[in-house]
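One structure below.
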Amino acid sequence: MRVFIVFAHPEPKSFNGALLGTAVDTLTAVGQEPVVSDLYAMGFDPVSGRHNFNSVRNADYFKQQLEELHANEVGGFAPVIEAELAKIEACELMIWQFPLWWFGLPAILKGWVDRVFAMGRTYGGGRFYDTGVFRGKRALLSLTTGAPPAAYERSGFNGDIGAILRPIQRGMLRFVGFEVLAPNIVFGPAHQSDTELNAALAAYAARLRTIEDETPIDVGSY
């Protein structure tokens, strides 16, 4: 199984970094060759603009979706965007590894989506959800939170974690055709002991060894 991991944390020695390392080591040990985009290490620019493209459809007025459609027709995506698109297209499973910040993706990862999920190449022309471009591929969110599990229950301090993740899991991943697996969530790692954190890493490794056997979730109700 070809796995593509997008890593979005500024500190490699963070627990997110440990989860990334666990994924890479585990997948490699079972004969897979995970490909990683470490967005901070890459210096990935999350801001969209004409630098997304080598081509120009309308030099007088910038509308990103129209430029994306044109770039798709003429091979006009900038190299950094084309490289990320190729990684998505080549994978069978895509994992996003990130900390939940302000109830959403870190800006660098959201900007990656803004720039890389290009119209005409990743969606459009009637290709959405069940008929999406990436149908047959799977996606997994692996994330950490700042608070413990009770804070993310329906009656909790922050509200239902499923509702928080729905714009990502349905509005981004499922929208372009991915089947979404249940998220891997480590709640409040800063408040856990080393023993608890090691157990979380071991559980993630065990899950990844059999990830191909998992059934996707319903992101409309999860």
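How things are named: the first chain in the structure tokens is A, the next is B, and so on; residues count from 1 in each chain; ligands count from 1 in the order shown.
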
- Message: So that I can see what lies close to segment 199-214 of chain A, please list as a ChimeraX atom specification the residues with an atom at most 7 Å from it, counting only C-alpha atoms and leaving out residues fewer than 2 positions away in the same chain.
- Response: /A:19,22-23,26,195-197,216

- Message: Can you tell me, as an MDAnalysis selection string, which residues in segment 26-219 of chain A count as strand (DSSP E) by DSSP?
- Response: chainID A and resid 35:38 93:99 138:144 179:180 184:186

Mind writing the picked residues with C-alpha atoms as a tab-separated table (two decimals), in the first residue's frame?
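As written to disk, selection05.tsv reads:
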```tsv
chain	number	residue	atom	x	y	z
A	35	VAL	CA	6.25	9.38	1.35
A	36	VAL	CA	6.28	12.39	3.69
A	37	SER	CA	5.68	16.07	3.05
A	38	ASP	CA	6.99	17.89	6.13
A	93	LEU	CA	-3.75	6.08	1.76
A	94	MET	CA	-3.15	9.70	2.74
A	95	ILE	CA	-2.52	10.61	6.39
A	96	TRP	CA	-2.57	14.14	7.76
A	97	GLN	CA	-0.57	14.48	10.98
A	98	PHE	CA	-1.27	17.72	12.86
A	99	PRO	CA	-2.25	19.41	16.12
A	138	ARG	CA	-8.43	6.36	1.70
A	139	ALA	CA	-7.58	9.17	4.09
A	140	LEU	CA	-6.86	9.32	7.82
A	141	LEU	CA	-6.58	12.26	10.18
A	142	SER	CA	-4.03	11.70	12.94
A	143	LEU	CA	-4.14	14.57	15.39
A	144	THR	CA	-3.57	15.81	18.90
A	179	GLU	CA	-13.02	7.25	1.80
A	180	VAL	CA	-12.31	8.46	5.32
A	184	ASN	CA	-6.53	8.72	15.26
A	185	ILE	CA	-6.83	11.21	18.12
A	186	VAL	CA	-4.49	11.62	21.08
```

- Message: Using only C-alpha atoms, can you tell me which of A:Leu109, A:Glu73, A:Glu33, A:Leu66 comes closest to Phe7 of chain A?
- Response: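 Among the listed residues, A:Leu109 lies closest to Phe7 of chain A.
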
- Message: I need the alpha helix (DSSP H) residues of segment 7-178 of chain A per DSSP on the backbone, written as a PyMOL selection string.
- Response: chain A and resi 15-29+39-42+64-74+79-90+107-116+161-168

Would you kindly return, as an mmCIF file with N, CA and C atoms, in the first residue's frame, each protein, DNA or RNA residue with an atom no farther than 10 Å from any atom of segment 117-134 of chain A, considering only C-alpha atoms and excluding same-chain residues fewer than 2 positions away?
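Written output follows (part01.cif):
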```cif
data_model
loop_
_atom_site.group_PDB
_atom_site.id
_atom_site.type_symbol
_atom_site.label_atom_id
_atom_site.label_comp_id
_atom_site.auth_asym_id
_atom_site.auth_seq_id
_atom_site.Cartn_x
_atom_site.Cartn_y
_atom_site.Cartn_z
ATOM 1 N N ASN A 52 1.090 30.022 -7.690
ATOM 2 C CA ASN A 52 0.638 28.636 -7.808
ATOM 3 C C ASN A 52 0.851 28.101 -9.222
ATOM 4 N N GLN A 64 -8.728 32.234 -8.875
ATOM 5 C CA GLN A 64 -7.899 31.051 -8.703
ATOM 6 C C GLN A 64 -8.472 29.821 -9.397
ATOM 7 N N GLN A 65 -9.774 29.576 -9.269
ATOM 8 C CA GLN A 65 -10.335 28.372 -9.866
ATOM 9 C C GLN A 65 -10.192 28.360 -11.385
ATOM 10 N N LEU A 66 -10.367 29.506 -12.021
ATOM 11 C CA LEU A 66 -10.207 29.561 -13.472
ATOM 12 C C LEU A 66 -8.751 29.341 -13.878
ATOM 13 N N GLU A 67 -7.833 29.871 -13.079
ATOM 14 C CA GLU A 67 -6.412 29.645 -13.356
ATOM 15 C C GLU A 67 -6.053 28.172 -13.144
ATOM 16 N N GLU A 68 -6.704 27.536 -12.146
ATOM 17 C CA GLU A 68 -6.473 26.108 -11.909
ATOM 18 C C GLU A 68 -6.957 25.273 -13.100
ATOM 19 N N LEU A 69 -8.134 25.596 -13.600
ATOM 20 C CA LEU A 69 -8.651 24.881 -14.756
ATOM 21 C C LEU A 69 -7.719 25.028 -15.960
ATOM 22 N N HIS A 70 -7.233 26.253 -16.153
ATOM 23 C CA HIS A 70 -6.321 26.499 -17.275
ATOM 24 C C HIS A 70 -4.997 25.759 -17.073
ATOM 25 N N ALA A 71 -4.466 25.821 -15.861
ATOM 26 C CA ALA A 71 -3.200 25.141 -15.578
ATOM 27 C C ALA A 71 -3.325 23.640 -15.789
ATOM 28 N N ASN A 72 -4.486 23.102 -15.450
ATOM 29 C CA ASN A 72 -4.699 21.675 -15.638
ATOM 30 C C ASN A 72 -4.697 21.310 -17.119
ATOM 31 N N GLU A 73 -5.165 22.223 -17.936
ATOM 32 C CA GLU A 73 -5.220 21.970 -19.382
ATOM 33 C C GLU A 73 -3.855 22.087 -20.051
ATOM 34 N N PHE A 77 0.874 24.147 -13.574
ATOM 35 C CA PHE A 77 1.047 24.289 -12.132
ATOM 36 C C PHE A 77 2.523 24.494 -11.787
ATOM 37 N N ILE A 81 3.482 22.751 -6.463
ATOM 38 C CA ILE A 81 2.100 22.273 -6.474
ATOM 39 C C ILE A 81 2.005 20.961 -7.245
ATOM 40 N N GLU A 84 3.174 18.024 -5.126
ATOM 41 C CA GLU A 84 2.222 17.571 -4.098
ATOM 42 C C GLU A 84 1.045 16.843 -4.737
ATOM 43 N N LEU A 85 0.583 17.335 -5.870
ATOM 44 C CA LEU A 85 -0.487 16.645 -6.586
ATOM 45 C C LEU A 85 -0.061 15.233 -6.985
ATOM 46 N N ILE A 88 -0.310 12.858 -4.028
ATOM 47 C CA ILE A 88 -1.681 12.436 -3.742
ATOM 48 C C ILE A 88 -2.136 11.405 -4.767
ATOM 49 N N GLU A 89 -1.876 11.686 -6.014
ATOM 50 C CA GLU A 89 -2.329 10.804 -7.083
ATOM 51 C C GLU A 89 -1.680 9.426 -7.009
ATOM 52 N N CYS A 91 -0.700 7.852 -4.174
ATOM 53 C CA CYS A 91 -0.927 7.123 -2.922
ATOM 54 C C CYS A 91 -2.233 6.341 -2.942
ATOM 55 N N GLU A 92 -2.315 5.379 -2.042
ATOM 56 C CA GLU A 92 -3.554 4.654 -1.767
ATOM 57 C C GLU A 92 -4.157 5.093 -0.444
ATOM 58 N N GLY A 111 -3.527 25.977 4.175
ATOM 59 C CA GLY A 111 -3.011 26.603 2.960
ATOM 60 C C GLY A 111 -2.559 25.582 1.934
ATOM 61 N N TRP A 112 -2.039 24.455 2.413
ATOM 62 C CA TRP A 112 -1.668 23.362 1.499
ATOM 63 C C TRP A 112 -2.911 22.883 0.760
ATOM 64 N N VAL A 113 -4.013 22.718 1.485
ATOM 65 C CA VAL A 113 -5.265 22.319 0.842
ATOM 66 C C VAL A 113 -5.713 23.384 -0.157
ATOM 67 N N ASP A 114 -5.668 24.648 0.253
ATOM 68 C CA ASP A 114 -6.101 25.740 -0.626
ATOM 69 C C ASP A 114 -5.333 25.742 -1.940
ATOM 70 N N ARG A 115 -4.049 25.463 -1.880
ATOM 71 C CA ARG A 115 -3.214 25.545 -3.068
ATOM 72 C C ARG A 115 -3.201 24.252 -3.888
ATOM 73 N N GLY A 136 -11.775 5.481 -4.253
ATOM 74 C CA GLY A 136 -10.928 4.293 -4.168
ATOM 75 C C GLY A 136 -9.714 4.490 -3.294
ATOM 76 N N LYS A 137 -9.377 5.744 -2.999
ATOM 77 C CA LYS A 137 -8.285 6.042 -2.084
ATOM 78 C C LYS A 137 -8.849 6.290 -0.682
ATOM 79 N N ARG A 138 -8.002 6.163 0.329
ATOM 80 C CA ARG A 138 -8.428 6.365 1.703
ATOM 81 C C ARG A 138 -7.634 7.498 2.354
ATOM 82 N N ALA A 139 -8.230 8.088 3.376
ATOM 83 C CA ALA A 139 -7.577 9.173 4.093
ATOM 84 C C ALA A 139 -7.801 9.002 5.589
ATOM 85 N N ARG A 170 -15.383 15.679 5.793
ATOM 86 C CA ARG A 170 -16.366 15.672 4.711
ATOM 87 C C ARG A 170 -16.103 16.784 3.693
ATOM 88 N N GLY A 171 -15.865 17.999 4.206
ATOM 89 C CA GLY A 171 -15.758 19.152 3.318
ATOM 90 C C GLY A 171 -14.473 19.215 2.515
ATOM 91 N N MET A 172 -13.441 18.488 2.944
ATOM 92 C CA MET A 172 -12.191 18.461 2.192
ATOM 93 C C MET A 172 -11.920 17.067 1.615
ATOM 94 N N LEU A 173 -11.786 16.071 2.485
ATOM 95 C CA LEU A 173 -11.365 14.747 2.041
ATOM 96 C C LEU A 173 -12.446 13.998 1.276
ATOM 97 N N ARG A 174 -13.615 13.878 1.880
ATOM 98 C CA ARG A 174 -14.694 13.147 1.204
ATOM 99 C C ARG A 174 -15.152 13.895 -0.049
ATOM 100 N N PHE A 175 -15.095 15.214 0.004
ATOM 101 C CA PHE A 175 -15.520 16.047 -1.129
ATOM 102 C C PHE A 175 -14.774 15.674 -2.403
ATOM 103 N N VAL A 176 -13.484 15.366 -2.278
ATOM 104 C CA VAL A 176 -12.692 15.032 -3.469
ATOM 105 C C VAL A 176 -12.613 13.522 -3.701
ATOM 106 N N GLY A 177 -13.431 12.750 -2.955
ATOM 107 C CA GLY A 177 -13.563 11.335 -3.252
ATOM 108 C C GLY A 177 -12.941 10.361 -2.289
ATOM 109 N N PHE A 178 -12.112 10.832 -1.354
ATOM 110 C CA PHE A 178 -11.481 9.910 -0.415
ATOM 111 C C PHE A 178 -12.519 9.216 0.465
ATOM 112 N N GLU A 179 -12.298 7.941 0.733
ATOM 113 C CA GLU A 179 -13.015 7.252 1.797
ATOM 114 C C GLU A 179 -12.246 7.553 3.083
#
```

- Message: Report as a PyMOL selection string all protein, DNA and RNA residues lying within 12 Å of Thr145 of chain A, evaluated on only C-alpha atoms, omitting residues in the same chain fewer than 2 positions from it.
- Response: chain A and resi 15-16+97-105+142-143+147-152+158+161+164-165+184-192

- Pick out the closest residue to Gly75 of chain A from this set: A:Val56, A:Ala29, A:Ala163, A:Ile5. Count only C-alpha atoms.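 Under the stated criterion, the closest residue is A:Val56.
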
- Note on the structure: Closest of A:Ile217, A:Val47, A:Ala90, A:Met1 to Lys110 of chain A, counting only C-alpha atoms, is A:Val47

- Query: When you draw a straight line from atom CA of Leu181 of chain A to atom CA of Thr215 of chain A, how long is it in Å?
  - Reply: 6.9 Å

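Shortest separation to Val219 of chain A among A:Asp45, A:Lys87, A:Val3, A:Pro183 occurs at residue A:Pro183, atoms counted being only C-alpha atoms.
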